[in-house]
>>> print(open('entry.txt').read())   # compact mmCIF, C-alpha atoms and all ligand atoms
# COMPACT_ATOMS: atom_id res chain seq x y z
CA MET A 1 152.18 0.19 180.90
CA VAL A 2 155.39 -1.82 181.15
CA ARG A 3 155.64 -5.42 179.92
CA GLY A 4 156.79 -7.81 182.65
CA GLU A 5 157.67 -11.50 182.75
CA LEU A 6 156.15 -14.15 180.50
CA LEU A 7 153.48 -15.83 182.62
CA PHE A 8 152.16 -18.32 180.08
CA ASP A 9 153.44 -19.42 176.68
CA GLY A 10 150.51 -21.03 174.89
CA ASN A 11 150.36 -22.42 171.39
CA VAL A 12 148.50 -19.44 170.00
CA LYS A 13 148.89 -16.76 172.67
CA GLN A 14 151.38 -15.58 175.23
CA VAL A 15 150.43 -13.83 178.46
CA TYR A 16 152.77 -11.32 180.07
CA ALA A 17 152.65 -9.62 183.47
CA THR A 18 152.55 -5.81 183.49
CA ASP A 19 153.52 -3.19 186.06
CA ASP A 20 149.87 -3.22 187.19
CA PRO A 21 149.21 -6.39 189.23
CA GLU A 22 145.57 -6.36 188.06
CA MET A 23 146.48 -6.36 184.34
CA VAL A 24 148.11 -8.75 181.86
CA LEU A 25 149.16 -8.41 178.24
CA PHE A 26 147.90 -10.94 175.68
CA HIS A 27 150.18 -11.44 172.66
CA PHE A 28 148.73 -13.20 169.58
CA LYS A 29 151.11 -15.46 167.65
CA ASP A 30 150.83 -16.46 163.98
CA VAL A 31 149.98 -20.05 164.85
CA ALA A 32 146.95 -22.26 164.26
CA THR A 33 146.37 -25.48 166.16
CA ALA A 34 143.67 -28.11 165.87
CA PHE A 35 142.65 -31.49 167.25
CA ASN A 36 144.12 -30.82 170.72
CA ASN A 37 147.37 -29.48 169.22
CA VAL A 38 148.04 -32.55 167.09
CA LYS A 39 147.92 -30.30 164.01
CA LYS A 40 149.88 -27.06 164.15
CA ALA A 41 151.15 -24.56 161.56
CA VAL A 42 152.31 -20.97 161.18
CA PHE A 43 150.34 -18.48 159.07
CA PRO A 44 151.94 -15.04 158.71
CA ASN A 45 149.72 -12.21 160.05
CA LYS A 46 147.12 -14.57 161.53
CA GLY A 47 147.83 -13.25 165.04
CA ILE A 48 147.24 -9.69 163.90
CA VAL A 49 143.86 -10.49 162.34
CA ASP A 50 142.79 -12.57 165.38
CA ASN A 51 143.77 -9.76 167.72
CA LYS A 52 141.82 -7.19 165.69
CA ILE A 53 138.69 -9.34 165.38
CA SER A 54 138.70 -10.33 169.04
CA SER A 55 139.28 -6.70 170.08
CA TYR A 56 136.45 -5.55 167.81
CA ILE A 57 134.07 -8.10 169.34
CA PHE A 58 135.08 -7.34 172.93
CA GLU A 59 134.64 -3.57 172.28
CA TYR A 60 131.19 -4.29 170.84
CA LEU A 61 130.25 -6.44 173.84
CA LYS A 62 131.50 -3.75 176.24
CA ARG A 63 129.32 -1.11 174.53
CA ASN A 64 126.41 -3.48 174.99
CA GLY A 65 126.95 -4.05 178.71
CA VAL A 66 128.85 -7.36 178.74
CA SER A 67 131.90 -7.49 181.03
CA THR A 68 134.94 -9.18 179.57
CA HIS A 69 138.60 -9.30 180.57
CA TYR A 70 139.48 -7.02 177.61
CA VAL A 71 140.62 -3.49 178.42
CA GLU A 72 142.13 -2.18 175.18
CA MET A 73 144.09 -3.12 172.07
CA VAL A 74 147.65 -1.93 172.67
CA ASN A 75 149.11 -2.67 169.24
CA ASP A 76 148.51 -4.99 166.26
CA ARG A 77 149.37 -8.10 168.22
CA GLU A 78 148.54 -7.25 171.82
CA GLN A 79 145.64 -6.52 174.12
CA LEU A 80 145.68 -5.29 177.68
CA CYS A 81 143.36 -7.48 179.76
CA ARG A 82 142.21 -7.75 183.36
CA LYS A 83 143.95 -10.49 185.31
CA ILE A 84 141.47 -13.15 186.27
CA CYS A 85 141.42 -16.58 187.84
CA ILE A 86 140.48 -18.88 184.97
CA ILE A 87 137.49 -21.19 185.39
CA PRO A 88 138.51 -24.42 183.58
CA LEU A 89 135.30 -24.75 181.59
CA GLU A 90 134.46 -24.09 177.95
CA LEU A 91 130.89 -23.31 176.99
CA VAL A 92 130.07 -23.99 173.34
CA VAL A 93 126.93 -22.24 172.08
CA ARG A 94 125.51 -23.70 168.87
CA ASN A 95 122.98 -22.07 166.54
CA TYR A 96 123.61 -24.60 163.78
CA ILE A 97 124.75 -28.21 163.94
CA ALA A 98 128.35 -28.44 162.70
CA GLY A 99 131.57 -30.24 163.47
CA SER A 100 131.73 -32.97 166.10
CA ILE A 101 128.06 -32.68 167.07
CA ALA A 102 126.93 -33.36 163.48
CA ASP A 103 128.72 -36.72 163.62
CA LYS A 104 127.54 -37.42 167.15
CA LEU A 105 123.87 -36.84 166.33
CA GLY A 106 123.98 -38.07 162.73
CA ILE A 107 122.68 -34.71 161.44
CA GLU A 108 123.91 -32.97 158.31
CA ASP A 109 126.54 -30.28 158.87
CA GLY A 110 124.91 -26.84 158.66
CA THR A 111 121.42 -27.83 159.87
CA LYS A 112 119.82 -25.03 161.91
CA ALA A 113 119.31 -26.04 165.54
CA GLN A 114 115.65 -25.83 166.59
CA THR A 115 116.78 -24.36 169.89
CA VAL A 116 120.16 -22.92 170.87
CA ILE A 117 122.42 -25.70 172.21
CA TYR A 118 124.71 -25.08 175.21
CA ASP A 119 127.46 -27.69 175.60
CA LEU A 120 129.77 -27.49 178.61
CA TYR A 121 133.28 -29.00 178.52
CA TYR A 122 135.91 -29.45 181.24
CA ASN A 123 139.08 -27.71 180.04
CA ASN A 124 141.57 -30.39 180.98
CA ASP A 125 144.22 -31.42 178.42
CA ALA A 126 145.15 -34.66 180.23
CA LEU A 127 141.51 -35.80 180.00
CA GLY A 128 141.04 -34.51 176.43
CA ASP A 129 138.52 -31.78 177.42
CA PRO A 130 135.56 -34.06 178.15
CA MET A 131 131.96 -32.90 178.16
CA ILE A 132 130.80 -32.20 181.71
CA ASN A 133 127.33 -31.52 183.09
CA ASP A 134 126.37 -28.78 185.53
CA SER A 135 126.17 -30.91 188.65
CA GLU A 136 129.51 -32.60 187.85
CA ALA A 137 131.15 -29.19 187.44
CA VAL A 138 129.77 -28.07 190.81
CA ALA A 139 130.52 -31.43 192.46
CA ILE A 140 134.24 -31.24 191.67
CA GLY A 141 134.46 -27.62 192.82
CA LEU A 142 134.95 -25.83 189.50
CA VAL A 143 131.98 -23.49 189.96
CA SER A 144 128.83 -22.97 192.01
CA PHE A 145 125.30 -23.26 190.62
CA LYS A 146 125.03 -19.47 191.00
CA ASP A 147 128.23 -19.09 188.89
CA LEU A 148 126.70 -21.33 186.23
CA GLU A 149 123.54 -19.19 186.14
CA ILE A 150 125.71 -16.15 185.43
CA ILE A 151 127.75 -18.06 182.83
CA TYR A 152 124.66 -19.30 180.94
CA SER A 153 122.84 -15.96 181.06
CA THR A 154 125.97 -14.13 179.85
CA ALA A 155 126.39 -16.68 177.05
CA ARG A 156 122.75 -16.20 176.01
CA LYS A 157 123.21 -12.43 175.90
CA ILE A 158 126.49 -12.67 173.95
CA ASN A 159 124.98 -15.08 171.44
CA GLY A 160 122.05 -12.71 170.83
CA LEU A 161 124.37 -9.72 170.38
CA LEU A 162 126.73 -11.61 168.06
CA LEU A 163 123.90 -13.10 165.97
CA ASP A 164 122.76 -9.55 165.35
CA LEU A 165 126.28 -8.23 164.63
CA PHE A 166 127.31 -11.04 162.30
CA GLY A 167 123.89 -11.11 160.64
CA ARG A 168 124.47 -7.49 159.62
CA ALA A 169 127.92 -8.50 158.32
CA GLY A 170 126.44 -11.23 156.11
CA ILE A 171 127.90 -13.99 158.26
CA LYS A 172 126.13 -16.94 159.91
CA LEU A 173 127.23 -17.45 163.49
CA VAL A 174 127.19 -21.25 163.45
CA ASP A 175 128.69 -21.71 166.91
CA LEU A 176 131.02 -20.07 169.41
CA LYS A 177 133.13 -21.12 172.36
CA LEU A 178 133.30 -19.02 175.52
CA GLU A 179 135.60 -19.14 178.52
CA PHE A 180 135.11 -17.33 181.81
CA GLY A 181 137.20 -16.22 184.76
CA LYS A 182 136.76 -14.60 188.16
CA THR A 183 138.21 -11.19 189.05
CA SER A 184 139.86 -10.58 192.42
CA GLY A 185 136.50 -9.07 193.44
CA GLY A 186 134.67 -12.31 192.56
CA GLU A 187 132.96 -11.02 189.41
CA ILE A 188 132.58 -13.60 186.61
CA ILE A 189 133.67 -12.18 183.26
CA VAL A 190 134.35 -13.50 179.77
CA SER A 191 138.02 -14.28 179.10
CA ASP A 192 140.23 -15.75 176.35
CA GLU A 193 139.24 -14.60 172.83
CA ILE A 194 136.28 -14.58 170.47
CA SER A 195 137.56 -14.96 166.93
CA PRO A 196 137.49 -17.28 163.89
CA ASP A 197 139.69 -19.59 165.98
CA THR A 198 136.90 -20.06 168.51
CA CYS A 199 133.72 -19.61 166.44
CA ARG A 200 132.34 -21.05 163.24
CA PHE A 201 131.57 -18.24 160.80
CA TRP A 202 129.95 -19.14 157.47
CA ASP A 203 129.25 -16.66 154.68
CA SER A 204 125.45 -16.18 154.75
CA ALA A 205 125.09 -16.32 150.97
CA THR A 206 127.46 -19.17 150.10
CA ASP A 207 128.09 -21.10 153.36
CA ASN A 208 131.79 -20.60 152.63
CA ARG A 209 133.73 -21.21 155.85
CA LEU A 210 135.54 -18.17 157.25
CA ASP A 211 137.01 -19.77 160.37
CA LYS A 212 139.46 -22.34 161.71
CA ASP A 213 137.71 -25.17 159.86
CA ARG A 214 139.72 -23.93 156.87
CA PHE A 215 142.76 -25.22 158.75
CA ARG A 216 141.11 -28.30 160.27
CA LEU A 217 139.76 -29.41 156.91
CA ASP A 218 142.74 -28.24 154.79
CA LEU A 219 140.62 -25.78 152.80
CA GLY A 220 143.42 -23.18 152.44
CA ASN A 221 143.14 -19.36 152.43
CA ILE A 222 143.04 -19.21 156.21
CA VAL A 223 144.28 -15.68 156.82
CA ALA A 224 142.45 -14.34 153.74
CA SER A 225 139.20 -15.79 155.13
CA TYR A 226 139.81 -14.30 158.58
CA GLU A 227 140.45 -10.96 156.82
CA VAL A 228 137.04 -11.20 155.16
CA VAL A 229 135.49 -11.41 158.64
CA LEU A 230 137.48 -8.38 159.83
CA ASP A 231 136.68 -6.33 156.71
CA ARG A 232 132.97 -7.09 156.96
CA LEU A 233 132.92 -6.08 160.64
CA GLU A 234 134.89 -2.90 160.03
CA SER A 235 132.69 -1.91 157.12
CA LEU A 236 129.62 -1.93 159.39
CA ASN A 237 130.87 1.42 160.73
CA LEU A 238 129.34 0.95 164.18
CA GLU A 239 129.96 3.96 166.39
N1 LIG B 301 136.21 -24.70 169.98
C1 LIG B 301 137.29 -24.02 170.51
N2 LIG B 301 138.16 -24.67 171.32
C2 LIG B 301 138.04 -25.98 171.62
C3 LIG B 301 136.93 -26.69 171.07
C4 LIG B 301 136.05 -26.02 170.25
O1 LIG B 301 137.42 -22.82 170.28
O2 LIG B 301 138.88 -26.52 172.37
C5 LIG B 301 135.26 -24.00 169.12
C6 LIG B 301 135.32 -24.47 167.68
O3 LIG B 301 136.20 -23.67 166.93
C7 LIG B 301 133.90 -24.29 167.21
C8 LIG B 301 133.08 -24.51 168.47
O4 LIG B 301 133.96 -24.31 169.56
O5 LIG B 301 133.68 -22.98 166.74
C9 LIG B 301 132.46 -25.88 168.55
O6 LIG B 301 133.46 -26.86 168.36
P1 LIG B 301 133.05 -28.41 168.45
O7 LIG B 301 132.71 -28.72 169.86
O8 LIG B 301 132.02 -28.68 167.41
O9 LIG B 301 134.38 -29.17 168.15
P2 LIG B 301 134.96 -29.71 166.80
O10 LIG B 301 133.86 -30.07 165.90
O11 LIG B 301 135.75 -28.56 166.28
O12 LIG B 301 135.78 -30.87 167.23
>>> encode(input="entry.txt", output="structure tokens")
Amino acid sequence: MVRGELLFDGNVKQVYATDDPEMVLFHFKDVATAFNNVKKAVFPNKGIVDNKISSYIFEYLKRNGVSTHYVEMVNDREQLCRKICIIPLELVVRNYIAGSIADKLGIEDGTKAQTVIYDLYYNNDALGDPMINDSEAVAIGLVSFKDLEIIYSTARKINGLLLDLFGRAGIKLVDLKLEFGKTSGGEIIVSDEISPDTCRFWDSATDNRLDKDRFRLDLGNIVASYEVVLDRLESLNLE
């Protein structure tokens, strides 16, 4: 596989073309951003840990029958992924109430949700990523209702699989954010990353935060906390 031109230079990741038109290379930088990129800082090795955790999770999902854009981890900082057409939606799945929704609903951070919450957002920087409902998303041509059925059922399956995985690792899966894309053949698959940058992970015993809230809330020990997540996953010794 030969690395080609830089297709996208994001805050946290770069995407490169490869010699296979169906494949791209994701490169993880050592950067954390928060609050729509208002807050930004460099943390040595963060990109390596993110890449390893996201690769671990995508491998686990693949073994359990979930299609994602991930093909393989190429090196410490890079993954080979299928090229997809991104659907500009973010689906947040919440098992516990935390972050913005705790303020919105006036509920204490860390309260268990009595049913899993699915919150859909329109990924649009100029608009500040507003919440969007299903019929709005279909009405402006982002997806079809059939696409949304696939997106929600995939999210439900992923949440179940990850609750089980992280439960065994002694970590509460508070919430996670998923993005999806369409392959050239029209299949809807999971894209982007699943990592402490895109999920809330709390230690089951202490509720210690092991995710990007350490950066958002200035709690320190960001990379060390991400490494705890990686170590716990790797010590599960799944085949
Ligand atoms: N999230 C993300 N990207 C975003 C917004 C949220 O990865 O652009 C993740 C976030 O890390 C958390 C979950 O989605 O794990 C829910 O975030 P929430 O909507 O509660 O936003 P916040 O409270 O962080 O403003």
>>> closest_atom_pairs(input="entry.txt", of="chain A", to="ligand LIG 301 (chain B)", cutoff="10 Å", atoms="only C-alpha atoms and all ligand atoms", output="JSON lines")
{"residue": "A:Thr33", "atom": "CA", "partner": "B:LIG301", "partner_atom": "N2", "distance": 9.7}
{"residue": "A:Ala34", "atom": "CA", "partner": "B:LIG301", "partner_atom": "O11", "distance": 7.9}
{"residue": "A:Phe35", "atom": "CA", "partner": "B:LIG301", "partner_atom": "O12", "distance": 6.9}
{"residue": "A:Asn36", "atom": "CA", "partner": "B:LIG301", "partner_atom": "O2", "distance": 7.0}
{"residue": "A:Asn37", "atom": "CA", "partner": "B:LIG301", "partner_atom": "O2", "distance": 9.5}
{"residue": "A:Glu90", "atom": "CA", "partner": "B:LIG301", "partner_atom": "C2", "distance": 7.5}
{"residue": "A:Leu91", "atom": "CA", "partner": "B:LIG301", "partner_atom": "O4", "distance": 8.1}
{"residue": "A:Val92", "atom": "CA", "partner": "B:LIG301", "partner_atom": "O4", "distance": 5.4}
{"residue": "A:Val93", "atom": "CA", "partner": "B:LIG301", "partner_atom": "C8", "distance": 7.5}
{"residue": "A:Arg94", "atom": "CA", "partner": "B:LIG301", "partner_atom": "C9", "distance": 7.3}
{"residue": "A:Ile97", "atom": "CA", "partner": "B:LIG301", "partner_atom": "O8", "distance": 8.1}
{"residue": "A:Ala98", "atom": "CA", "partner": "B:LIG301", "partner_atom": "O8", "distance": 6.0}
{"residue": "A:Gly99", "atom": "CA", "partner": "B:LIG301", "partner_atom": "O10", "distance": 3.3}
{"residue": "A:Ser100", "atom": "CA", "partner": "B:LIG301", "partner_atom": "O10", "distance": 3.6}
{"residue": "A:Ile101", "atom": "CA", "partner": "B:LIG301", "partner_atom": "O8", "distance": 5.6}
{"residue": "A:Ala102", "atom": "CA", "partner": "B:LIG301", "partner_atom": "O8", "distance": 8.0}
{"residue": "A:Asp103", "atom": "CA", "partner": "B:LIG301", "partner_atom": "O10", "distance": 8.7}
{"residue": "A:Lys104", "atom": "CA", "partner": "B:LIG301", "partner_atom": "O10", "distance": 9.8}
{"residue": "A:Asp119", "atom": "CA", "partner": "B:LIG301", "partner_atom": "O7", "distance": 7.8}
{"residue": "A:Leu120", "atom": "CA", "partner": "B:LIG301", "partner_atom": "O7", "distance": 9.3}
{"residue": "A:Tyr121", "atom": "CA", "partner": "B:LIG301", "partner_atom": "C3", "distance": 8.6}
{"residue": "A:Tyr122", "atom": "CA", "partner": "B:LIG301", "partner_atom": "O2", "distance": 9.8}
{"residue": "A:Asn123", "atom": "CA", "partner": "B:LIG301", "partner_atom": "O2", "distance": 7.8}
{"residue": "A:Asn124", "atom": "CA", "partner": "B:LIG301", "partner_atom": "O2", "distance": 9.8}
{"residue": "A:Asp125", "atom": "CA", "partner": "B:LIG301", "partner_atom": "O2", "distance": 9.4}
{"residue": "A:Gly128", "atom": "CA", "partner": "B:LIG301", "partner_atom": "O2", "distance": 9.2}
{"residue": "A:Asp129", "atom": "CA", "partner": "B:LIG301", "partner_atom": "O2", "distance": 7.3}
{"residue": "A:Met131", "atom": "CA", "partner": "B:LIG301", "partner_atom": "O7", "distance": 9.3}
{"residue": "A:Leu173", "atom": "CA", "partner": "B:LIG301", "partner_atom": "O5", "distance": 9.1}
{"residue": "A:Val174", "atom": "CA", "partner": "B:LIG301", "partner_atom": "O5", "distance": 7.5}
{"residue": "A:Asp175", "atom": "CA", "partner": "B:LIG301", "partner_atom": "O5", "distance": 5.2}
{"residue": "A:Leu176", "atom": "CA", "partner": "B:LIG301", "partner_atom": "O5", "distance": 4.8}
{"residue": "A:Lys177", "atom": "CA", "partner": "B:LIG301", "partner_atom": "O4", "distance": 4.3}
{"residue": "A:Leu178", "atom": "CA", "partner": "B:LIG301", "partner_atom": "O1", "distance": 7.7}
{"residue": "A:Glu179", "atom": "CA", "partner": "B:LIG301", "partner_atom": "O1", "distance": 9.2}
{"residue": "A:Asp192", "atom": "CA", "partner": "B:LIG301", "partner_atom": "O1", "distance": 9.7}
{"residue": "A:Glu193", "atom": "CA", "partner": "B:LIG301", "partner_atom": "O1", "distance": 8.8}
{"residue": "A:Ile194", "atom": "CA", "partner": "B:LIG301", "partner_atom": "O1", "distance": 8.3}
{"residue": "A:Ser195", "atom": "CA", "partner": "B:LIG301", "partner_atom": "O1", "distance": 8.5}
{"residue": "A:Pro196", "atom": "CA", "partner": "B:LIG301", "partner_atom": "O3", "distance": 7.2}
{"residue": "A:Asp197", "atom": "CA", "partner": "B:LIG301", "partner_atom": "O3", "distance": 5.5}
{"residue": "A:Thr198", "atom": "CA", "partner": "B:LIG301", "partner_atom": "O1", "distance": 3.3}
{"residue": "A:Cys199", "atom": "CA", "partner": "B:LIG301", "partner_atom": "O5", "distance": 3.4}
{"residue": "A:Arg200", "atom": "CA", "partner": "B:LIG301", "partner_atom": "O5", "distance": 4.2}
{"residue": "A:Phe201", "atom": "CA", "partner": "B:LIG301", "partner_atom": "O5", "distance": 7.9}
{"residue": "A:Asp211", "atom": "CA", "partner": "B:LIG301", "partner_atom": "O3", "distance": 7.7}
{"residue": "A:Lys212", "atom": "CA", "partner": "B:LIG301", "partner_atom": "O3", "distance": 6.3}
{"residue": "A:Asp213", "atom": "CA", "partner": "B:LIG301", "partner_atom": "O3", "distance": 7.4}
{"residue": "A:Arg216", "atom": "CA", "partner": "B:LIG301", "partner_atom": "O11", "distance": 8.1}
>>> write_last_selection(input="entry.txt", atoms="C-alpha atoms", output="CSV table (one decimal), keeping the file's coordinate frame")
chain,number,residue,atom,x,y,z
A,33,THR,CA,146.4,-25.5,166.2
A,34,ALA,CA,143.7,-28.1,165.9
A,35,PHE,CA,142.6,-31.5,167.2
A,36,ASN,CA,144.1,-30.8,170.7
A,37,ASN,CA,147.4,-29.5,169.2
A,90,GLU,CA,134.5,-24.1,178.0
A,91,LEU,CA,130.9,-23.3,177.0
A,92,VAL,CA,130.1,-24.0,173.3
A,93,VAL,CA,126.9,-22.2,172.1
A,94,ARG,CA,125.5,-23.7,168.9
A,97,ILE,CA,124.8,-28.2,163.9
A,98,ALA,CA,128.4,-28.4,162.7
A,99,GLY,CA,131.6,-30.2,163.5
A,100,SER,CA,131.7,-33.0,166.1
A,101,ILE,CA,128.1,-32.7,167.1
A,102,ALA,CA,126.9,-33.4,163.5
A,103,ASP,CA,128.7,-36.7,163.6
A,104,LYS,CA,127.5,-37.4,167.2
A,119,ASP,CA,127.5,-27.7,175.6
A,120,LEU,CA,129.8,-27.5,178.6
A,121,TYR,CA,133.3,-29.0,178.5
A,122,TYR,CA,135.9,-29.4,181.2
A,123,ASN,CA,139.1,-27.7,180.0
A,124,ASN,CA,141.6,-30.4,181.0
A,125,ASP,CA,144.2,-31.4,178.4
A,128,GLY,CA,141.0,-34.5,176.4
A,129,ASP,CA,138.5,-31.8,177.4
A,131,MET,CA,132.0,-32.9,178.2
A,173,LEU,CA,127.2,-17.4,163.5
A,174,VAL,CA,127.2,-21.2,163.4
A,175,ASP,CA,128.7,-21.7,166.9
A,176,LEU,CA,131.0,-20.1,169.4
A,177,LYS,CA,133.1,-21.1,172.4
A,178,LEU,CA,133.3,-19.0,175.5
A,179,GLU,CA,135.6,-19.1,178.5
A,192,ASP,CA,140.2,-15.8,176.4
A,193,GLU,CA,139.2,-14.6,172.8
A,194,ILE,CA,136.3,-14.6,170.5
A,195,SER,CA,137.6,-15.0,166.9
A,196,PRO,CA,137.5,-17.3,163.9
A,197,ASP,CA,139.7,-19.6,166.0
A,198,THR,CA,136.9,-20.1,168.5
A,199,CYS,CA,133.7,-19.6,166.4
A,200,ARG,CA,132.3,-21.0,163.2
A,201,PHE,CA,131.6,-18.2,160.8
A,211,ASP,CA,137.0,-19.8,160.4
A,212,LYS,CA,139.5,-22.3,161.7
A,213,ASP,CA,137.7,-25.2,159.9
A,216,ARG,CA,141.1,-28.3,160.3
>>> residues_around(input="entry.txt", residues="Asp20 of chain A", least_positions_apart="6", cutoff="10 Å", atoms="all atoms listed in the file", output="compact mmCIF listing (two decimals) with C-alpha atoms, in the coordinates of the input")
# COMPACT_ATOMS: atom_id res chain seq x y z
CA MET A 1 152.18 0.19 180.90
CA VAL A 2 155.39 -1.82 181.15
CA ARG A 3 155.64 -5.42 179.92
CA GLY A 4 156.79 -7.81 182.65
CA ARG A 82 142.21 -7.75 183.36
CA LYS A 83 143.95 -10.49 185.31
>>> closest_residue(input="entry.txt", among="A:Ser135, A:Thr183, A:Thr111, A:Ser54", to="Ile87 of chain A", atoms="all atoms listed in the file")
A:Thr183
>>> closest_residue(input="entry.txt", among="A:Ala137, A:Ile107, A:Cys85, A:Ile132", to="Ile189 of chain A", atoms="all atoms listed in the file")
A:Cys85
>>> atom_distance(input="entry.txt", atom1="atom CA of Ile86 of chain A", atom2="atom CA of Tyr226 of chain A")
26.8 Å
>>> atom_distance(input="entry.txt", atom1="atom CA of Arg232 of chain A", atom2="atom CA of Ile158 of chain A")
19.0 Å
>>> residues_around(input="entry.txt", residues="segment 26-29 of chain A", least_positions_apart="4", cutoff="12 Å", atoms="only C-alpha atoms", output="MDAnalysis selection string")
chainID A and resid 3:4 6:18 33 41:55 69:83 191:193 195 197
>>> axis_aligned_box(input="entry.txt", around="segment 85-96 of chain A", padding_each_side="6 Å", output="AutoDock Vina command-line options")
--center_x 132.2 --center_y -20.7 --center_z 175.8 --size_x 30.4 --size_y 20.2 --size_z 36.1
>>> atom_distance(input="entry.txt", atom1="atom CA of Leu25 of chain A", atom2="atom CA of Ile84 of chain A")
12.1 Å
>>> closest_residue(input="entry.txt", among="A:Ser184, A:Gln114, A:Ser67, A:Ser225", to="Ile151 of chain A", atoms="all atoms listed in the file")
A:Ser67
>>> closest_residue(input="entry.txt", among="A:Glu5, A:Gly110, A:Val38, A:Leu161", to="Gly65 of chain A", atoms="all atoms listed in the file")
A:Leu161
>>> closest_residue(input="entry.txt", among="A:Asp164, A:Asp30, A:Asp231, A:Asp134", to="Tyr152 of chain A", atoms="only C-alpha atoms")
A:Asp134
>>> residues_around(input="entry.txt", residues="Leu238 of chain A", least_positions_apart="6", cutoff="12 Å", atoms="only C-alpha atoms", output="ChimeraX atom specification")
/A:56-57,59-60,63,165,168-169,232
>>> closest_residue(input="entry.txt", among="A:Gly186, A:Gly167, A:Gly220, A:Gly160", to="Val66 of chain A", atoms="all atoms listed in the file")
A:Gly160
>>> decode(input="entry.txt", residues="segment 222-227 of chain A", atoms="all heavy atoms", output="PDB file, in the first residue's frame")
ATOM      1  N   ILE A 222      -4.418  13.154  30.795  1.00  0.00           N
ATOM      2  CA  ILE A 222      -5.242  12.721  29.663  1.00  0.00           C
ATOM      3  C   ILE A 222      -4.712  11.430  29.048  1.00  0.00           C
ATOM      4  O   ILE A 222      -5.418  10.418  28.992  1.00  0.00           O
ATOM      5  CB  ILE A 222      -5.320  13.854  28.624  1.00  0.00           C
ATOM      6  CG1 ILE A 222      -6.134  14.994  29.233  1.00  0.00           C
ATOM      7  CG2 ILE A 222      -5.961  13.395  27.317  1.00  0.00           C
ATOM      8  CD1 ILE A 222      -5.938  16.290  28.561  1.00  0.00           C
ATOM      9  N   VAL A 223      -3.452  11.465  28.622  1.00  0.00           N
ATOM     10  CA  VAL A 223      -2.921  10.282  27.928  1.00  0.00           C
ATOM     11  C   VAL A 223      -2.837   9.102  28.894  1.00  0.00           C
ATOM     12  O   VAL A 223      -3.167   7.968  28.533  1.00  0.00           O
ATOM     13  CB  VAL A 223      -1.551  10.603  27.277  1.00  0.00           C
ATOM     14  CG1 VAL A 223      -0.964   9.365  26.634  1.00  0.00           C
ATOM     15  CG2 VAL A 223      -1.719  11.711  26.236  1.00  0.00           C
ATOM     16  N   ALA A 224      -2.459   9.359  30.141  1.00  0.00           N
ATOM     17  CA  ALA A 224      -2.379   8.264  31.130  1.00  0.00           C
ATOM     18  C   ALA A 224      -3.758   7.618  31.310  1.00  0.00           C
ATOM     19  O   ALA A 224      -3.867   6.396  31.455  1.00  0.00           O
ATOM     20  CB  ALA A 224      -1.868   8.804  32.463  1.00  0.00           C
ATOM     21  N   SER A 225      -4.814   8.411  31.269  1.00  0.00           N
ATOM     22  CA  SER A 225      -6.167   7.856  31.431  1.00  0.00           C
ATOM     23  C   SER A 225      -6.576   7.049  30.198  1.00  0.00           C
ATOM     24  O   SER A 225      -7.205   5.992  30.327  1.00  0.00           O
ATOM     25  CB  SER A 225      -7.173   8.978  31.661  1.00  0.00           C
ATOM     26  OG  SER A 225      -6.801   9.720  32.797  1.00  0.00           O
ATOM     27  N   TYR A 226      -6.219   7.553  29.008  1.00  0.00           N
ATOM     28  CA  TYR A 226      -6.514   6.797  27.789  1.00  0.00           C
ATOM     29  C   TYR A 226      -5.742   5.463  27.821  1.00  0.00           C
ATOM     30  O   TYR A 226      -6.244   4.432  27.374  1.00  0.00           O
ATOM     31  CB  TYR A 226      -6.112   7.587  26.540  1.00  0.00           C
ATOM     32  CG  TYR A 226      -7.028   8.742  26.143  1.00  0.00           C
ATOM     33  CD1 TYR A 226      -7.795   9.430  27.061  1.00  0.00           C
ATOM     34  CD2 TYR A 226      -7.104   9.147  24.805  1.00  0.00           C
ATOM     35  CE1 TYR A 226      -8.615  10.492  26.678  1.00  0.00           C
ATOM     36  CE2 TYR A 226      -7.918  10.201  24.410  1.00  0.00           C
ATOM     37  CZ  TYR A 226      -8.670  10.877  25.345  1.00  0.00           C
ATOM     38  OH  TYR A 226      -9.480  11.912  24.946  1.00  0.00           O
ATOM     39  N   GLU A 227      -4.513   5.511  28.375  1.00  0.00           N
ATOM     40  CA  GLU A 227      -3.710   4.278  28.454  1.00  0.00           C
ATOM     41  C   GLU A 227      -4.340   3.251  29.396  1.00  0.00           C
ATOM     42  O   GLU A 227      -4.231   2.050  29.175  1.00  0.00           O
ATOM     43  CB  GLU A 227      -2.271   4.607  28.896  1.00  0.00           C
ATOM     44  CG  GLU A 227      -1.435   5.060  27.709  1.00  0.00           C
ATOM     45  CD  GLU A 227      -0.107   5.695  28.106  1.00  0.00           C
ATOM     46  OE1 GLU A 227       0.107   5.972  29.307  1.00  0.00           O
ATOM     47  OE2 GLU A 227       0.713   5.922  27.196  1.00  0.00           O
TER      48      GLU A 227
END
